[in-house]
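For reference, work_6.cif is printed below; it contains mmCIF, C-alpha atoms.
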data_upload
loop_
_atom_site.group_PDB
_atom_site.id
_atom_site.type_symbol
_atom_site.label_atom_id
_atom_site.label_comp_id
_atom_site.auth_asym_id
_atom_site.auth_seq_id
_atom_site.Cartn_x
_atom_site.Cartn_y
_atom_site.Cartn_z
ATOM 1 C CA MET A 1 -51.112 2.161 -99.725
ATOM 2 C CA SER A 2 -54.088 4.180 -98.516
ATOM 3 C CA ASP A 3 -54.641 5.332 -94.958
ATOM 4 C CA PHE A 4 -57.460 2.804 -94.633
ATOM 5 C CA ASP A 5 -55.198 -0.090 -95.640
ATOM 6 C CA SER A 6 -52.468 1.000 -93.236
ATOM 7 C CA ARG A 7 -54.940 0.939 -90.366
ATOM 8 C CA ALA A 8 -56.364 -2.499 -91.278
ATOM 9 C CA LEU A 9 -56.069 -5.407 -88.862
ATOM 10 C CA ARG A 10 -52.940 -7.503 -89.338
ATOM 11 C CA SER A 11 -54.078 -11.109 -89.265
ATOM 12 C CA SER A 12 -51.825 -13.422 -87.246
ATOM 13 C CA ALA A 13 -51.085 -17.095 -87.837
ATOM 14 C CA GLU A 14 -49.653 -19.671 -85.470
ATOM 15 C CA ARG A 15 -46.205 -21.132 -86.174
ATOM 16 C CA PRO A 16 -43.873 -23.367 -84.147
ATOM 17 C CA ALA A 17 -41.530 -21.663 -81.696
ATOM 18 C CA SER A 18 -37.832 -22.418 -81.319
ATOM 19 C CA THR A 19 -37.553 -23.651 -77.723
ATOM 20 C CA ALA A 20 -35.630 -26.335 -75.878
ATOM 21 C CA SER A 21 -36.275 -29.082 -73.374
ATOM 22 C CA GLY A 22 -35.940 -27.825 -69.830
ATOM 23 C CA TYR A 23 -34.302 -30.964 -68.429
ATOM 24 C CA ALA A 24 -30.862 -30.271 -69.940
ATOM 25 C CA MET A 25 -30.935 -26.701 -68.654
ATOM 26 C CA LEU A 26 -32.075 -28.026 -65.284
ATOM 27 C CA LEU A 27 -28.773 -29.888 -65.036
ATOM 28 C CA VAL A 28 -26.940 -26.656 -65.824
ATOM 29 C CA ALA A 29 -28.888 -24.861 -63.088
ATOM 30 C CA LEU A 30 -28.093 -27.628 -60.591
ATOM 31 C CA ALA A 31 -24.416 -27.455 -61.511
ATOM 32 C CA ALA A 32 -24.434 -23.692 -60.948
ATOM 33 C CA LEU A 33 -26.120 -24.179 -57.588
ATOM 34 C CA ILE A 34 -23.545 -26.763 -56.552
ATOM 35 C CA GLY A 35 -20.783 -24.367 -57.613
ATOM 36 C CA ILE A 36 -22.299 -21.622 -55.441
ATOM 37 C CA ILE A 37 -22.564 -23.948 -52.446
ATOM 38 C CA ALA A 38 -18.989 -25.151 -52.925
ATOM 39 C CA SER A 39 -17.513 -21.671 -53.480
ATOM 40 C CA ALA A 40 -19.206 -19.799 -50.654
ATOM 41 C CA PRO A 41 -17.259 -21.461 -47.754
ATOM 42 C CA GLN A 42 -13.948 -21.067 -49.636
ATOM 43 C CA ILE A 43 -14.083 -17.296 -49.972
ATOM 44 C CA GLY A 44 -11.001 -15.812 -48.315
ATOM 45 C CA GLU A 45 -9.213 -19.139 -48.386
ATOM 46 C CA ALA A 46 -9.047 -19.987 -52.100
ATOM 47 C CA ALA A 47 -8.361 -17.563 -54.926
ATOM 48 C CA TRP A 48 -10.862 -19.253 -57.250
ATOM 49 C CA ALA A 49 -13.749 -19.075 -54.748
ATOM 50 C CA PRO A 50 -14.986 -15.516 -55.582
ATOM 51 C CA PHE A 51 -14.813 -16.265 -59.284
ATOM 52 C CA GLY A 52 -16.705 -19.533 -58.858
ATOM 53 C CA LEU A 53 -19.351 -17.860 -56.696
ATOM 54 C CA VAL A 54 -19.924 -15.009 -59.147
ATOM 55 C CA LEU A 55 -20.007 -17.376 -62.122
ATOM 56 C CA GLY A 56 -22.483 -19.705 -60.388
ATOM 57 C CA VAL A 57 -24.792 -16.816 -59.468
ATOM 58 C CA LEU A 58 -24.699 -15.413 -62.986
ATOM 59 C CA VAL A 59 -25.406 -18.782 -64.588
ATOM 60 C CA LEU A 60 -28.274 -19.504 -62.179
ATOM 61 C CA ALA A 61 -29.740 -16.026 -62.670
ATOM 62 C CA PHE A 62 -29.550 -16.509 -66.444
ATOM 63 C CA VAL A 63 -30.993 -20.034 -66.593
ATOM 64 C CA ALA A 64 -33.763 -19.876 -63.972
ATOM 65 C CA PRO A 65 -36.082 -17.292 -65.657
ATOM 66 C CA GLY A 66 -36.157 -19.367 -68.852
ATOM 67 C CA PHE A 67 -38.033 -22.329 -67.332
ATOM 68 C CA TYR A 68 -41.752 -22.865 -67.875
ATOM 69 C CA LEU A 69 -44.160 -25.827 -67.680
ATOM 70 C CA LEU A 70 -46.725 -26.925 -70.253
ATOM 71 C CA GLN A 71 -49.510 -29.328 -69.374
ATOM 72 C CA PRO A 72 -51.344 -31.491 -71.948
ATOM 73 C CA ASN A 73 -53.531 -29.359 -74.255
ATOM 74 C CA GLN A 74 -51.756 -26.199 -73.197
ATOM 75 C CA ALA A 75 -49.646 -23.922 -75.377
ATOM 76 C CA ALA A 76 -47.296 -20.983 -74.812
ATOM 77 C CA ALA A 77 -46.883 -18.087 -77.233
ATOM 78 C CA ILE A 78 -43.286 -16.804 -77.240
ATOM 79 C CA LEU A 79 -42.705 -13.069 -77.668
ATOM 80 C CA LEU A 80 -39.516 -11.047 -77.985
ATOM 81 C CA PHE A 81 -40.102 -7.405 -77.031
ATOM 82 C CA GLY A 82 -43.676 -7.679 -78.314
ATOM 83 C CA ASP A 83 -42.764 -9.513 -81.532
ATOM 84 C CA TYR A 84 -44.435 -12.933 -81.919
ATOM 85 C CA LYS A 85 -41.820 -15.681 -82.351
ATOM 86 C CA GLY A 86 -44.025 -18.770 -82.399
ATOM 87 C CA THR A 87 -46.025 -21.114 -80.186
ATOM 88 C CA ASP A 88 -44.710 -24.031 -78.153
ATOM 89 C CA ARG A 89 -47.143 -26.968 -77.730
ATOM 90 C CA THR A 90 -44.649 -29.532 -76.368
ATOM 91 C CA THR A 91 -45.668 -30.651 -72.876
ATOM 92 C CA GLY A 92 -43.370 -30.952 -69.893
ATOM 93 C CA LEU A 93 -40.523 -28.788 -68.607
ATOM 94 C CA ARG A 94 -39.461 -26.313 -71.296
ATOM 95 C CA TRP A 95 -36.801 -23.611 -71.545
ATOM 96 C CA THR A 96 -36.232 -20.571 -73.705
ATOM 97 C CA TRP A 97 -34.113 -17.444 -73.478
ATOM 98 C CA PRO A 98 -34.867 -15.509 -70.300
ATOM 99 C CA TRP A 99 -35.751 -12.315 -72.155
ATOM 100 C CA MET A 100 -38.544 -14.115 -73.986
ATOM 101 C CA ILE A 101 -42.108 -13.585 -72.681
ATOM 102 C CA LYS A 102 -44.250 -16.702 -72.367
ATOM 103 C CA SER A 103 -48.053 -16.251 -72.715
ATOM 104 C CA LYS A 104 -49.871 -19.478 -71.921
ATOM 105 C CA VAL A 105 -53.114 -20.392 -73.687
ATOM 106 C CA SER A 106 -55.429 -23.298 -72.955
ATOM 107 C CA VAL A 107 -56.329 -25.286 -76.070
ATOM 108 C CA ARG A 108 -58.647 -27.579 -74.127
ATOM 109 C CA ILE A 109 -62.327 -27.980 -74.961
ATOM 110 C CA HIS A 110 -64.575 -25.320 -73.435
ATOM 111 C CA ASN A 111 -68.275 -25.789 -72.746
ATOM 112 C CA VAL A 112 -70.529 -22.710 -72.606
ATOM 113 C CA THR A 113 -74.286 -22.489 -72.086
ATOM 114 C CA SER A 114 -75.705 -19.172 -73.174
ATOM 115 C CA GLU A 115 -78.272 -17.254 -71.181
ATOM 116 C CA ARG A 116 -81.942 -17.499 -72.098
ATOM 117 C CA LEU A 117 -82.432 -14.838 -74.751
ATOM 118 C CA LYS A 118 -85.747 -13.304 -75.763
ATOM 119 C CA VAL A 119 -85.973 -13.220 -79.566
ATOM 120 C CA ASN A 120 -88.747 -12.640 -82.093
ATOM 121 C CA ASP A 121 -89.076 -15.626 -84.414
ATOM 122 C CA LEU A 122 -89.769 -15.400 -88.159
ATOM 123 C CA ARG A 123 -93.465 -14.665 -87.515
ATOM 124 C CA GLY A 124 -92.754 -12.017 -84.893
ATOM 125 C CA ASN A 125 -93.667 -14.169 -81.883
ATOM 126 C CA PRO A 126 -91.439 -13.543 -78.834
ATOM 127 C CA ILE A 127 -89.646 -16.723 -77.801
ATOM 128 C CA GLU A 128 -86.988 -17.724 -75.279
ATOM 129 C CA ILE A 129 -83.977 -19.572 -76.659
ATOM 130 C CA ALA A 130 -80.643 -20.792 -75.268
ATOM 131 C CA SER A 131 -77.809 -22.894 -76.649
ATOM 132 C CA ASN A 132 -74.882 -24.981 -75.463
ATOM 133 C CA VAL A 133 -71.641 -24.477 -77.399
ATOM 134 C CA VAL A 134 -68.510 -26.648 -77.328
ATOM 135 C CA TRP A 135 -65.441 -24.755 -78.561
ATOM 136 C CA ARG A 136 -61.648 -24.690 -78.374
ATOM 137 C CA VAL A 137 -58.731 -22.521 -79.455
ATOM 138 C CA ALA A 138 -57.276 -23.749 -82.744
ATOM 139 C CA ASP A 139 -54.855 -20.886 -83.527
ATOM 140 C CA THR A 140 -53.166 -19.407 -80.461
ATOM 141 C CA ALA A 141 -51.700 -16.454 -82.360
ATOM 142 C CA GLN A 142 -55.108 -15.287 -83.583
ATOM 143 C CA ALA A 143 -56.675 -15.835 -80.151
ATOM 144 C CA LEU A 144 -54.033 -13.710 -78.398
ATOM 145 C CA PHE A 145 -53.251 -11.010 -80.938
ATOM 146 C CA ASP A 146 -56.255 -10.579 -83.267
ATOM 147 C CA VAL A 147 -58.923 -10.010 -80.595
ATOM 148 C CA ASP A 148 -58.718 -8.183 -77.282
ATOM 149 C CA ASP A 149 -60.173 -11.000 -75.140
ATOM 150 C CA TYR A 150 -60.973 -14.192 -77.032
ATOM 151 C CA ARG A 151 -63.153 -15.669 -74.259
ATOM 152 C CA GLU A 152 -65.364 -12.592 -74.062
ATOM 153 C CA PHE A 153 -65.364 -12.402 -77.853
ATOM 154 C CA VAL A 154 -66.690 -15.967 -78.131
ATOM 155 C CA HIS A 155 -69.395 -15.371 -75.502
ATOM 156 C CA ILE A 156 -70.644 -12.245 -77.292
ATOM 157 C CA GLN A 157 -70.656 -13.986 -80.666
ATOM 158 C CA ILE A 158 -72.620 -16.909 -79.218
ATOM 159 C CA GLU A 159 -75.366 -14.528 -78.112
ATOM 160 C CA SER A 160 -75.331 -12.774 -81.489
ATOM 161 C CA ALA A 161 -75.516 -16.054 -83.453
ATOM 162 C CA VAL A 162 -78.332 -17.456 -81.298
ATOM 163 C CA ARG A 163 -80.365 -14.283 -81.872
ATOM 164 C CA ALA A 164 -79.759 -14.470 -85.631
ATOM 165 C CA ILE A 165 -80.807 -18.122 -85.898
ATOM 166 C CA GLY A 166 -83.814 -17.649 -83.610
ATOM 167 C CA SER A 167 -85.212 -14.914 -85.857
ATOM 168 C CA ARG A 168 -84.615 -16.946 -89.029
ATOM 169 C CA TYR A 169 -87.251 -19.655 -88.407
ATOM 170 C CA PRO A 170 -90.764 -19.838 -86.958
ATOM 171 C CA TYR A 171 -91.173 -21.513 -83.595
ATOM 172 C CA ASP A 172 -93.693 -24.074 -84.840
ATOM 173 C CA ASP A 173 -95.822 -24.952 -87.879
ATOM 174 C CA PHE A 174 -98.702 -27.450 -87.626
ATOM 175 C CA THR A 175 -98.936 -27.760 -91.404
ATOM 176 C CA HIS A 176 -95.399 -29.215 -91.489
ATOM 177 C CA GLU A 177 -94.620 -27.160 -94.583
ATOM 178 C CA GLU A 178 -91.895 -24.974 -93.068
ATOM 179 C CA MET A 179 -88.687 -25.709 -91.243
ATOM 180 C CA THR A 180 -89.180 -24.735 -87.585
ATOM 181 C CA LEU A 181 -87.094 -24.304 -84.459
ATOM 182 C CA ARG A 182 -89.050 -26.950 -82.555
ATOM 183 C CA GLY A 183 -89.496 -29.507 -85.317
ATOM 184 C CA ASN A 184 -86.044 -29.317 -86.916
ATOM 185 C CA ALA A 185 -83.736 -28.923 -83.920
ATOM 186 C CA GLU A 186 -80.876 -30.923 -85.488
ATOM 187 C CA HIS A 187 -80.810 -28.799 -88.645
ATOM 188 C CA VAL A 188 -81.105 -25.564 -86.666
ATOM 189 C CA SER A 189 -78.265 -26.616 -84.347
ATOM 190 C CA GLU A 190 -75.998 -27.399 -87.290
ATOM 191 C CA GLU A 191 -76.826 -24.066 -88.931
ATOM 192 C CA LEU A 192 -76.070 -22.354 -85.620
ATOM 193 C CA ARG A 193 -72.667 -24.084 -85.526
ATOM 194 C CA VAL A 194 -71.840 -22.923 -89.065
ATOM 195 C CA GLU A 195 -73.042 -19.387 -88.326
ATOM 196 C CA LEU A 196 -71.007 -19.199 -85.121
ATOM 197 C CA GLN A 197 -67.896 -20.678 -86.760
ATOM 198 C CA GLU A 198 -67.906 -17.881 -89.330
ATOM 199 C CA ARG A 199 -68.218 -15.279 -86.583
ATOM 200 C CA VAL A 200 -65.320 -16.572 -84.419
ATOM 201 C CA LEU A 201 -62.956 -17.487 -87.249
ATOM 202 C CA ALA A 202 -60.997 -14.260 -86.753
ATOM 203 C CA ALA A 203 -60.244 -15.290 -83.153
ATOM 204 C CA GLY A 204 -58.699 -18.634 -84.132
ATOM 205 C CA VAL A 205 -61.515 -20.552 -82.410
ATOM 206 C CA HIS A 206 -63.043 -23.819 -83.654
ATOM 207 C CA ILE A 207 -66.668 -24.701 -82.847
ATOM 208 C CA ASP A 208 -67.063 -28.433 -82.254
ATOM 209 C CA GLU A 209 -70.776 -28.620 -81.457
ATOM 210 C CA CYS A 210 -73.898 -26.508 -80.867
ATOM 211 C CA ARG A 211 -77.174 -27.680 -79.327
ATOM 212 C CA LEU A 212 -80.344 -25.821 -78.390
ATOM 213 C CA THR A 213 -80.900 -26.323 -74.650
ATOM 214 C CA HIS A 214 -84.016 -24.182 -74.160
ATOM 215 C CA LEU A 215 -86.824 -23.244 -76.523
ATOM 216 C CA ALA A 216 -90.200 -21.865 -75.435
ATOM 217 C CA TYR A 217 -92.642 -19.073 -76.064
ATOM 218 C CA ALA A 218 -92.102 -15.962 -73.959
ATOM 219 C CA GLN A 219 -94.216 -15.807 -70.809
ATOM 220 C CA GLU A 220 -96.432 -12.964 -72.054
ATOM 221 C CA ILE A 221 -97.804 -15.082 -74.931
ATOM 222 C CA ALA A 222 -97.244 -18.594 -73.619
ATOM 223 C CA GLN A 223 -100.869 -19.157 -72.538
ATOM 224 C CA ALA A 224 -102.306 -17.693 -75.744
ATOM 225 C CA MET A 225 -99.985 -19.785 -77.932
ATOM 226 C CA LEU A 226 -100.829 -22.877 -75.874
ATOM 227 C CA ARG A 227 -104.544 -22.342 -76.558
ATOM 228 C CA ARG A 228 -103.729 -21.814 -80.218
ATOM 229 C CA GLN A 229 -101.755 -25.036 -80.350
ATOM 230 C CA GLN A 230 -104.595 -26.898 -78.647
ATOM 231 C CA ALA A 231 -107.128 -25.453 -81.104
ATOM 232 C CA GLU A 232 -104.975 -26.366 -84.104
ATOM 233 C CA ALA A 233 -104.491 -29.860 -82.687
ATOM 234 C CA VAL A 234 -108.274 -30.286 -82.236
ATOM 235 C CA VAL A 235 -108.908 -29.085 -85.795
ATOM 236 C CA ALA A 236 -106.268 -31.450 -87.170
ATOM 237 C CA ALA A 237 -107.739 -34.365 -85.185
ATOM 238 C CA ARG A 238 -111.292 -33.642 -86.350
ATOM 239 C CA LYS A 239 -110.106 -33.348 -89.939
ATOM 240 C CA THR A 240 -108.585 -36.816 -89.726
ATOM 241 C CA LEU A 241 -111.754 -38.147 -88.055
ATOM 242 C CA VAL A 242 -114.044 -36.705 -90.734
ATOM 243 C CA GLU A 243 -111.852 -38.029 -93.548
ATOM 244 C CA GLY A 244 -112.031 -41.509 -92.023
ATOM 245 C CA ALA A 245 -115.789 -41.283 -91.446
ATOM 246 C CA VAL A 246 -116.441 -40.235 -95.047
ATOM 247 C CA GLY A 247 -114.483 -43.214 -96.288
ATOM 248 C CA MET A 248 -116.440 -45.598 -94.061
ATOM 249 C CA VAL A 249 -119.790 -44.145 -95.218
ATOM 250 C CA GLU A 250 -118.776 -44.507 -98.877
ATOM 251 C CA MET A 251 -117.759 -48.106 -98.269
ATOM 252 C CA ALA A 252 -121.022 -48.877 -96.430
ATOM 253 C CA LEU A 253 -123.203 -47.423 -99.199
ATOM 254 C CA GLU A 254 -121.236 -49.200 -101.930
ATOM 255 C CA GLN A 255 -121.557 -52.594 -100.217
ATOM 256 C CA LEU A 256 -125.284 -52.101 -99.551
ATOM 257 C CA SER A 257 -125.817 -51.305 -103.209
ATOM 258 C CA GLU A 258 -123.637 -54.146 -104.528
ATOM 259 C CA LYS A 259 -125.318 -56.802 -102.341
ATOM 260 C CA ASN A 260 -128.836 -55.390 -102.892
ATOM 261 C CA VAL A 261 -129.451 -55.332 -99.182
ATOM 262 C CA VAL A 262 -131.769 -52.342 -99.385
ATOM 263 C CA GLU A 263 -132.865 -49.881 -102.061
ATOM 264 C CA LEU A 264 -132.615 -46.235 -100.990
ATOM 265 C CA ASP A 265 -133.751 -43.141 -102.802
ATOM 266 C CA ASP A 266 -131.747 -39.934 -102.638
ATOM 267 C CA GLU A 267 -133.630 -38.621 -99.606
ATOM 268 C CA ARG A 268 -133.174 -41.774 -97.537
ATOM 269 C CA ARG A 269 -129.581 -42.103 -98.698
ATOM 270 C CA ALA A 270 -128.911 -38.578 -97.423
ATOM 271 C CA ALA A 271 -130.585 -39.450 -94.126
ATOM 272 C CA MET A 272 -128.440 -42.583 -93.754
ATOM 273 C CA VAL A 273 -125.288 -40.642 -94.537
ATOM 274 C CA SER A 274 -126.244 -38.042 -91.918
ATOM 275 C CA ASN A 275 -126.885 -40.711 -89.296
ATOM 276 C CA LEU A 276 -123.664 -42.554 -90.029
ATOM 277 C CA MET A 277 -121.644 -39.339 -89.870
ATOM 278 C CA VAL A 278 -123.218 -38.492 -86.506
ATOM 279 C CA VAL A 279 -122.413 -41.954 -85.158
ATOM 280 C CA LEU A 280 -118.829 -41.952 -86.455
ATOM 281 C CA CYS A 281 -117.916 -38.346 -85.581
ATOM 282 C CA SER A 282 -119.737 -37.937 -82.282
ATOM 283 C CA GLU A 283 -117.650 -37.546 -79.136
ATOM 284 C CA ARG A 284 -120.355 -39.257 -77.064
ATOM 285 C CA ASP A 285 -121.834 -42.703 -77.281
ATOM 286 C CA THR A 286 -124.817 -42.693 -79.637
ATOM 287 C CA GLN A 287 -128.247 -43.884 -78.464
ATOM 288 C CA PRO A 288 -129.955 -46.189 -80.983
ATOM 289 C CA VAL A 289 -133.569 -45.445 -81.918
ATOM 290 C CA VAL A 290 -135.680 -48.449 -82.971
ATOM 291 C CA ASN A 291 -138.108 -47.686 -85.757
ATOM 292 C CA ALA A 292 -141.222 -49.840 -85.211
ATOM 293 C CA GLY A 293 -142.966 -48.586 -88.331
ATOM 294 C CA SER A 294 -142.034 -48.608 -91.971
ATOM 295 C CA LEU A 295 -138.875 -47.136 -93.394
ATOM 296 C CA TYR A 296 -140.706 -43.977 -94.516
ATOM 297 C CA GLN A 297 -142.565 -43.258 -91.291
#
Could you write out this structure as structure tokens?
Amino acid sequence: MSDFDSRALRSSAERPASTASGYAMLLVALAALIGIIASAPQIGEAAWAPFGLVLGVLVLAFVAPGFYLLQPNQAAAILLFGDYKGTDRTTGLRWTWPWMIKSKVSVRIHNVTSERLKVNDLRGNPIEIASNVVWRVADTAQALFDVDDYREFVHIQIESAVRAIGSRYPYDDFTHEEMTLRGNAEHVSEELRVELQERVLAAGVHIDECRLTHLAYAQEIAQAMLRRQQAEAVVAARKTLVEGAVGMVEMALEQLSEKNVVELDDERRAAMVSNLMVVLCSERDTQPVVNAGSLYQ
């Protein structure tokens, strides 16, 4: 084995610990306490009293350090002189050998909202982005022994994953041809969850849910991007308006020709098209002009 392999991280894995219910040992402790109380007044009067007192103290001193409590969704990793012996997830009063070390770990659901991070999106625009992450410890051995501080590790990886996802997509796209942070929040959130799960897998952490909680342009370009959005919205609206107006003009000319309402040469047809387009596309109310002469005057 090379020096590099010998220095590699030893991956841990959770396994059940061999522990006992604390209620039976509680009866033993109570019996030892009763023996101490009964023996103490008899010292000097009964020959068995010193023996009973010493035995009761020894039993109580041996049993008492082995007790520990586990609440629902709480686990305890059992170690013997630094060697991992398993994890106890049984709730209630528990007992193990007094020389065993009990390291408790919460396996409850944690909810973390990241800080607002400034990131450059795919197009280089600075944006502000934040996410809410729901996570929990799935493997207590990995959480305790494979990373130095699993809570800090998760928080740092959340920030790293949010930055990576924020730079992978553009903030917005009015052509609706690209996947964007603003328009595809559900897909982006799911990709963030997958990205973060890969990053925290070594810590025995499971990511239940990720959601973007804040998404906006950075303050230094917010006004400029707002004007750009407004301009693109106006252009898109006018495009739709012109397309509709052209269709209405085509329909009007076709019906006039089919019903022989009026015969128009190319010049007058162009004039009618121009007038209809002005009427249909104008933002103000048009003022009709009554022609009192002939059509060509």
Written as a ChimeraX atom specification, which residues does the PyMOL selection byres ((chain A and resi 62) around 12) give for the file shown? /A:25-26,28-29,32,55-61,63-67,95-100
Can you list what the PyMOL selection byres ((chain A and resi 117-131) around 9) grabs from this structure, as a ChimeraX atom specification? /A:112-116,132-133,158-159,162-171,181,189,210-222
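Considering the residues A:Lys102, A:Arg108, A:Arg89, A:Arg193 and counting all atoms listed in the file, Leu144 in chain A has its shortest atom-to-atom contact with A:Lys102.
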Using all atoms listed in the file for the distances, tell me which of A:Asp173, A:Asp139, A:Leu93, A:Asn111 is nearest to Ala233 in chain A.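 Ranking A:Asp173, A:Asp139, A:Leu93, A:Asn111 by distance to Ala233 in chain A, first place goes to A:Asp173.
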Run the PyMOL selection byres ((chain A and resi 75) around 9) on the file and write out the hits as a list in words. Leu70, Gln71, Pro72, Asn73, Gln74, Ala76, Ala77, Thr87, Asp88, Arg89, Thr90, Thr91, Ser103, Lys104, Val105, Ser106, Val107 and Thr140 of chain A
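The closest residue to Asp148 in chain A, picked from A:Val242, A:Ala202, A:Met179, A:Ala38 and counting all atoms listed in the file, is A:Ala202.
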Pick from A:Ala143, A:Ala161, A:Ile34, A:Ile109 nearest to Glu14 in chain A, counting all atoms listed in the file: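 So, comparing all the options, the nearest one is A:Ala143.
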From the set A:Ser21, A:Gln230, A:Gln197, A:Thr240, which residue has the shortest atom-to-atom contact distance to Leu69 in chain A, counting all atoms listed in the file? A:Ser21
Env of Tyr150 in chain A: 9 Å cut, atoms = all atoms listed in the file, seq-sep filter 5 positions within chain, self excluded. Answer as a PyMOL selection string. chain A and resi 137+142-144+155+200+203-205
Restricting the calculation to only C-alpha atoms: of A:Phe153, A:Val194, A:Glu178, A:Leu53, which residue gets closest to Ala40 in chain A? A:Leu53
Find the distance between CA of Ala49 in chain A and CA of Gly35 in chain A and write it in Å to one decimal.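 CA of Ala49 in chain A sits 9.3 Å away from CA of Gly35 in chain A.
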So how far away is CA of Arg238 in chain A from CA of Gln255 in chain A, in Å?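 Pair CA of Gln255 in chain A / CA of Arg238 in chain A returns 25.6 Å.
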